[in-house]
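Reading through the structure tokens given below for one structure.
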There are 2 protein chains.
Amino acid sequence: MTRRPELLPGTLDMLILKTLTRGALHGYGIALSIKRSSDDVLTVEEGSLYPALQRLLVQGWVMGEWKVTETGRRARFYTLTAAGRKQLNVELSQFEQMITAIGRVLRDPQEA
Amino acid sequence: MTRRPELLPGTLDMLILKTLTRGALHGYGIALSIKRSSDDVLTVEEGSLYPALQRLLVQGWVMGEWKVTETGRRARFYTLTAAGRKQLNVELSQFEQMITAIGRVLRDPQEA
DNA sequence: TTCTATCCATAGGCAATCTATACATGCAGT
DNA sequence: ACTGCATGTATAGATTGCCTATGGATAGAA
């Protein structure tokens, strides 16, 4: 464990989908949003973000369309689809269940 | 994401170290303990567990010695070392921080 | 005009986990 | 005696998922 992951493995898709529930965003905006709302704890590297967005597009969980930002630059804006919203709920409940289970292990006092 | 991981990636070492704070255990016992104390939510596969134990041995976070179980079988018993205890604390606090950060992202209402 | 922030994207690598398999023994039931 | 199950260790190979390192392009500020 020499490595220092910037986020918990397996949570990236969930974080992206959740971020998009607040409206369409381009990739860079998604990264900024996650960074800010986590108080700079979670950093999504570009080399993680764009491949993830490709996966989400292929799976039909997000839609993408080229537009122009407020600052006049071309950017691809991603929108959550209905399927994406469903998927988010699935991932949220699985995550919740995992965290609860881990919490039990970490706090479990007895045994033998 | 067709796959169904049995645990949250990146948390296995922490779970093993934590389990060993309650005393020495052999591999199979560790797996059972985690499964039970998580109410069967977390399952540690053998192909994940033994490589993980090897890592922990190499890093000096656990010690291993061959003994005989109560049922008369040979088994390798693992014990937490002082360094392992320290490492556990590091991982616990990092995990806590991650979870807190993710929680903020998942609950964050505002933005633009 | 040079720098910084904004924006997209891919290649290559690596760590961690899973699947599948192999082997061995104690004990209970038939 | 045989079968099956729980107990117990271990490795090979594949896959997933994220990171590092790049590369390129433009708007706006200094």
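Within each chain, counting starts at residue 1; across the structure tokens, chains are named A, B, ... in the order shown, with ligands numbered 1 upward in that order.
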Can you list every residue of chain D that has an atom at most 12 Å from chain B, with its nearest atom pair and the distance in Å to one decimal, using only C-alpha atoms (C1' of nucleotides), ordered by chain then number, as JSON lines?
{"residue": "D:DA6", "atom": "C1'", "partner": "B:Tyr28", "partner_atom": "CA", "distance": 11.0}
{"residue": "D:DT7", "atom": "C1'", "partner": "B:Tyr28", "partner_atom": "CA", "distance": 7.9}
{"residue": "D:DG8", "atom": "C1'", "partner": "B:Ala75", "partner_atom": "CA", "distance": 6.5}
{"residue": "D:DT9", "atom": "C1'", "partner": "B:Ala75", "partner_atom": "CA", "distance": 7.7}
{"residue": "D:DA10", "atom": "C1'", "partner": "B:Tyr50", "partner_atom": "CA", "distance": 7.3}
{"residue": "D:DT11", "atom": "C1'", "partner": "B:Gly47", "partner_atom": "CA", "distance": 8.6}
{"residue": "D:DA12", "atom": "C1'", "partner": "B:Gly47", "partner_atom": "CA", "distance": 10.3}
{"residue": "D:DG13", "atom": "C1'", "partner": "B:Gly47", "partner_atom": "CA", "distance": 11.5}
{"residue": "D:DT15", "atom": "C1'", "partner": "B:Arg3", "partner_atom": "CA", "distance": 10.2}
{"residue": "D:DT16", "atom": "C1'", "partner": "B:Met1", "partner_atom": "CA", "distance": 9.1}
{"residue": "D:DG17", "atom": "C1'", "partner": "B:Pro9", "partner_atom": "CA", "distance": 9.8}
{"residue": "D:DC18", "atom": "C1'", "partner": "B:Pro9", "partner_atom": "CA", "distance": 11.4}
- [ ] Select from chain B everything DSSP, run on the backbone, classes as helix (DSSP H, G or I), then give the selection as a ChimeraX atom specification.
- [x] /B:12-20,27-37,46-58,82-107
Task: Proximal residues of chain A relative to chain B (only C-alpha atoms; 6 Å) as an MDAnalysis selection string - done: chainID A and resid 9 37:38 101 104:105
Same residues, N, CA and C atoms, output as an mmCIF file, in the first residue's frame:
data_model
loop_
_atom_site.group_PDB
_atom_site.id
_atom_site.type_symbol
_atom_site.label_atom_id
_atom_site.label_comp_id
_atom_site.auth_asym_id
_atom_site.auth_seq_id
_atom_site.Cartn_x
_atom_site.Cartn_y
_atom_site.Cartn_z
ATOM 1 N N PRO A 9 -11.596 3.420 -4.101
ATOM 2 C CA PRO A 9 -11.836 2.664 -5.321
ATOM 3 C C PRO A 9 -13.273 2.146 -5.365
ATOM 4 N N SER A 37 -16.997 20.119 -3.171
ATOM 5 C CA SER A 37 -18.004 19.684 -2.214
ATOM 6 C C SER A 37 -17.434 18.676 -1.221
ATOM 7 N N SER A 38 -16.229 18.170 -1.496
ATOM 8 C CA SER A 38 -15.602 17.268 -0.525
ATOM 9 C C SER A 38 -14.535 17.999 0.279
ATOM 10 N N ALA A 101 -21.802 -2.389 6.918
ATOM 11 C CA ALA A 101 -21.162 -3.662 7.259
ATOM 12 C C ALA A 101 -19.735 -3.444 7.754
ATOM 13 N N ARG A 104 -19.715 -2.199 11.203
ATOM 14 C CA ARG A 104 -19.947 -3.254 12.201
ATOM 15 C C ARG A 104 -18.655 -3.987 12.520
ATOM 16 N N VAL A 105 -17.885 -4.308 11.491
ATOM 17 C CA VAL A 105 -16.617 -5.016 11.712
ATOM 18 C C VAL A 105 -15.658 -4.149 12.524
#
Task: Selection: 12 Å around DG23 (chain D), only C-alpha atoms (C1' of nucleotides), excl. self and same-chain fewer than 5 positions, as number ranges by chain - done: C: 8-11
Interface residues on chain C facing chain B, 12 Å, only C-alpha atoms (C1' of nucleotides), written as a PDB file with C-alpha atoms (C1' of nucleotides), in the first residue's frame:
ATOM      1  C1'  DA C  15      -2.282  -2.588  -7.449  1.00  0.00           C
ATOM      2  C1'  DA C  16      -5.937  -5.160  -5.671  1.00  0.00           C
ATOM      3  C1'  DT C  17      -9.464  -8.243  -6.116  1.00  0.00           C
ATOM      4  C1'  DC C  18     -11.927 -12.213  -8.211  1.00  0.00           C
ATOM      5  C1'  DT C  19     -12.353 -16.794 -10.479  1.00  0.00           C
ATOM      6  C1'  DA C  20     -10.826 -21.112 -10.693  1.00  0.00           C
ATOM      7  C1'  DT C  21      -8.279 -24.652  -9.167  1.00  0.00           C
ATOM      8  C1'  DA C  24      -5.283 -32.251   2.424  1.00  0.00           C
ATOM      9  C1'  DT C  25      -7.705 -33.772   6.828  1.00  0.00           C
ATOM     10  C1'  DG C  26     -11.251 -34.413  10.706  1.00  0.00           C
ATOM     11  C1'  DC C  27     -15.714 -35.731  11.596  1.00  0.00           C
TER      12       DC C  27
END
Polymer residues at most 10 Å from DG28 (chain D), only C-alpha atoms (C1' of nucleotides), same-chain spacing of 2 or more positions, as a PDB file with N, CA and C atoms (P, O5', C5', C4', C3', O3' and C1' of nucleotides), in the first residue's frame:
ATOM      1  N   THR A  71     -17.796  30.934 -20.579  1.00  0.00           N
ATOM      2  CA  THR A  71     -16.549  31.615 -20.910  1.00  0.00           C
ATOM      3  C   THR A  71     -16.187  31.466 -22.382  1.00  0.00           C
TER       4      THR A  71
ATOM      5  P    DT C   4       2.629  30.437 -14.638  1.00  0.00           P
ATOM      6  O5'  DT C   4       1.054  30.353 -14.395  1.00  0.00           O
ATOM      7  C5'  DT C   4       0.319  31.538 -14.088  1.00  0.00           C
ATOM      8  C4'  DT C   4      -1.155  31.307 -14.370  1.00  0.00           C
ATOM      9  C3'  DT C   4      -1.675  29.931 -13.913  1.00  0.00           C
ATOM     10  O3'  DT C   4      -2.773  30.138 -13.047  1.00  0.00           O
ATOM     11  C1'  DT C   4      -2.359  30.384 -16.133  1.00  0.00           C
ATOM     12  P    DA C   5      -3.413  28.964 -12.206  1.00  0.00           P
ATOM     13  O5'  DA C   5      -4.843  28.837 -12.895  1.00  0.00           O
ATOM     14  C5'  DA C   5      -5.635  30.011 -13.098  1.00  0.00           C
ATOM     15  C4'  DA C   5      -6.746  29.702 -14.080  1.00  0.00           C
ATOM     16  C3'  DA C   5      -7.513  28.411 -13.779  1.00  0.00           C
ATOM     17  O3'  DA C   5      -8.905  28.689 -13.823  1.00  0.00           O
ATOM     18  C1'  DA C   5      -6.739  28.398 -16.020  1.00  0.00           C
TER      19       DA C   5
ATOM     20  P    DT D  26      -7.040  26.236 -31.121  1.00  0.00           P
ATOM     21  O5'  DT D  26      -7.743  27.002 -29.911  1.00  0.00           O
ATOM     22  C5'  DT D  26      -9.048  26.623 -29.502  1.00  0.00           C
ATOM     23  C4'  DT D  26      -9.400  27.404 -28.238  1.00  0.00           C
ATOM     24  C3'  DT D  26      -9.192  28.911 -28.358  1.00  0.00           C
ATOM     25  O3'  DT D  26     -10.294  29.550 -27.736  1.00  0.00           O
ATOM     26  C1'  DT D  26      -8.062  28.107 -26.482  1.00  0.00           C
ATOM     27  P    DA D  30      -4.686  40.278 -14.281  1.00  0.00           P
ATOM     28  O5'  DA D  30      -3.162  40.228 -14.707  1.00  0.00           O
ATOM     29  C5'  DA D  30      -2.391  39.056 -14.454  1.00  0.00           C
ATOM     30  C4'  DA D  30      -0.986  39.244 -14.982  1.00  0.00           C
ATOM     31  C3'  DA D  30      -0.405  40.641 -14.694  1.00  0.00           C
ATOM     32  O3'  DA D  30       0.935  40.516 -14.233  1.00  0.00           O
ATOM     33  C1'  DA D  30      -0.383  40.229 -17.036  1.00  0.00           C
TER      34       DA D  30
END
Looking only at the backbone, which of the residues in region 14-65 of chain B does DSSP tag as strand (DSSP E or B), as a PDB file with N, CA and C atoms, in the first residue's frame?
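What ended up in part.pdb:
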ATOM      1  N   LEU B  25      -5.420 -15.394  14.910  1.00  0.00           N
ATOM      2  CA  LEU B  25      -6.381 -16.195  14.152  1.00  0.00           C
ATOM      3  C   LEU B  25      -5.690 -16.775  12.931  1.00  0.00           C
ATOM      4  N   HIS B  26      -6.186 -17.887  12.448  1.00  0.00           N
ATOM      5  CA  HIS B  26      -5.699 -18.403  11.169  1.00  0.00           C
ATOM      6  C   HIS B  26      -6.569 -17.820  10.064  1.00  0.00           C
ATOM      7  N   VAL B  62       1.932  -8.148  10.296  1.00  0.00           N
ATOM      8  CA  VAL B  62       1.498  -9.318  11.054  1.00  0.00           C
ATOM      9  C   VAL B  62       2.645 -10.326  11.123  1.00  0.00           C
ATOM     10  N   MET B  63       2.533 -11.228  12.094  1.00  0.00           N
ATOM     11  CA  MET B  63       3.477 -12.331  12.256  1.00  0.00           C
ATOM     12  C   MET B  63       2.690 -13.613  12.047  1.00  0.00           C
ATOM     13  N   GLY B  64       3.354 -14.644  11.551  1.00  0.00           N
ATOM     14  CA  GLY B  64       2.630 -15.897  11.367  1.00  0.00           C
ATOM     15  C   GLY B  64       3.388 -17.070  11.951  1.00  0.00           C
ATOM     16  N   GLU B  65       2.669 -17.974  12.628  1.00  0.00           N
ATOM     17  CA  GLU B  65       3.334 -19.203  13.081  1.00  0.00           C
ATOM     18  C   GLU B  65       2.373 -20.390  13.000  1.00  0.00           C
TER      19      GLU B  65
END
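What separates CA of Lys86 (chain B) from CA of Trp61 (chain B) is a distance of 8.7 Å.
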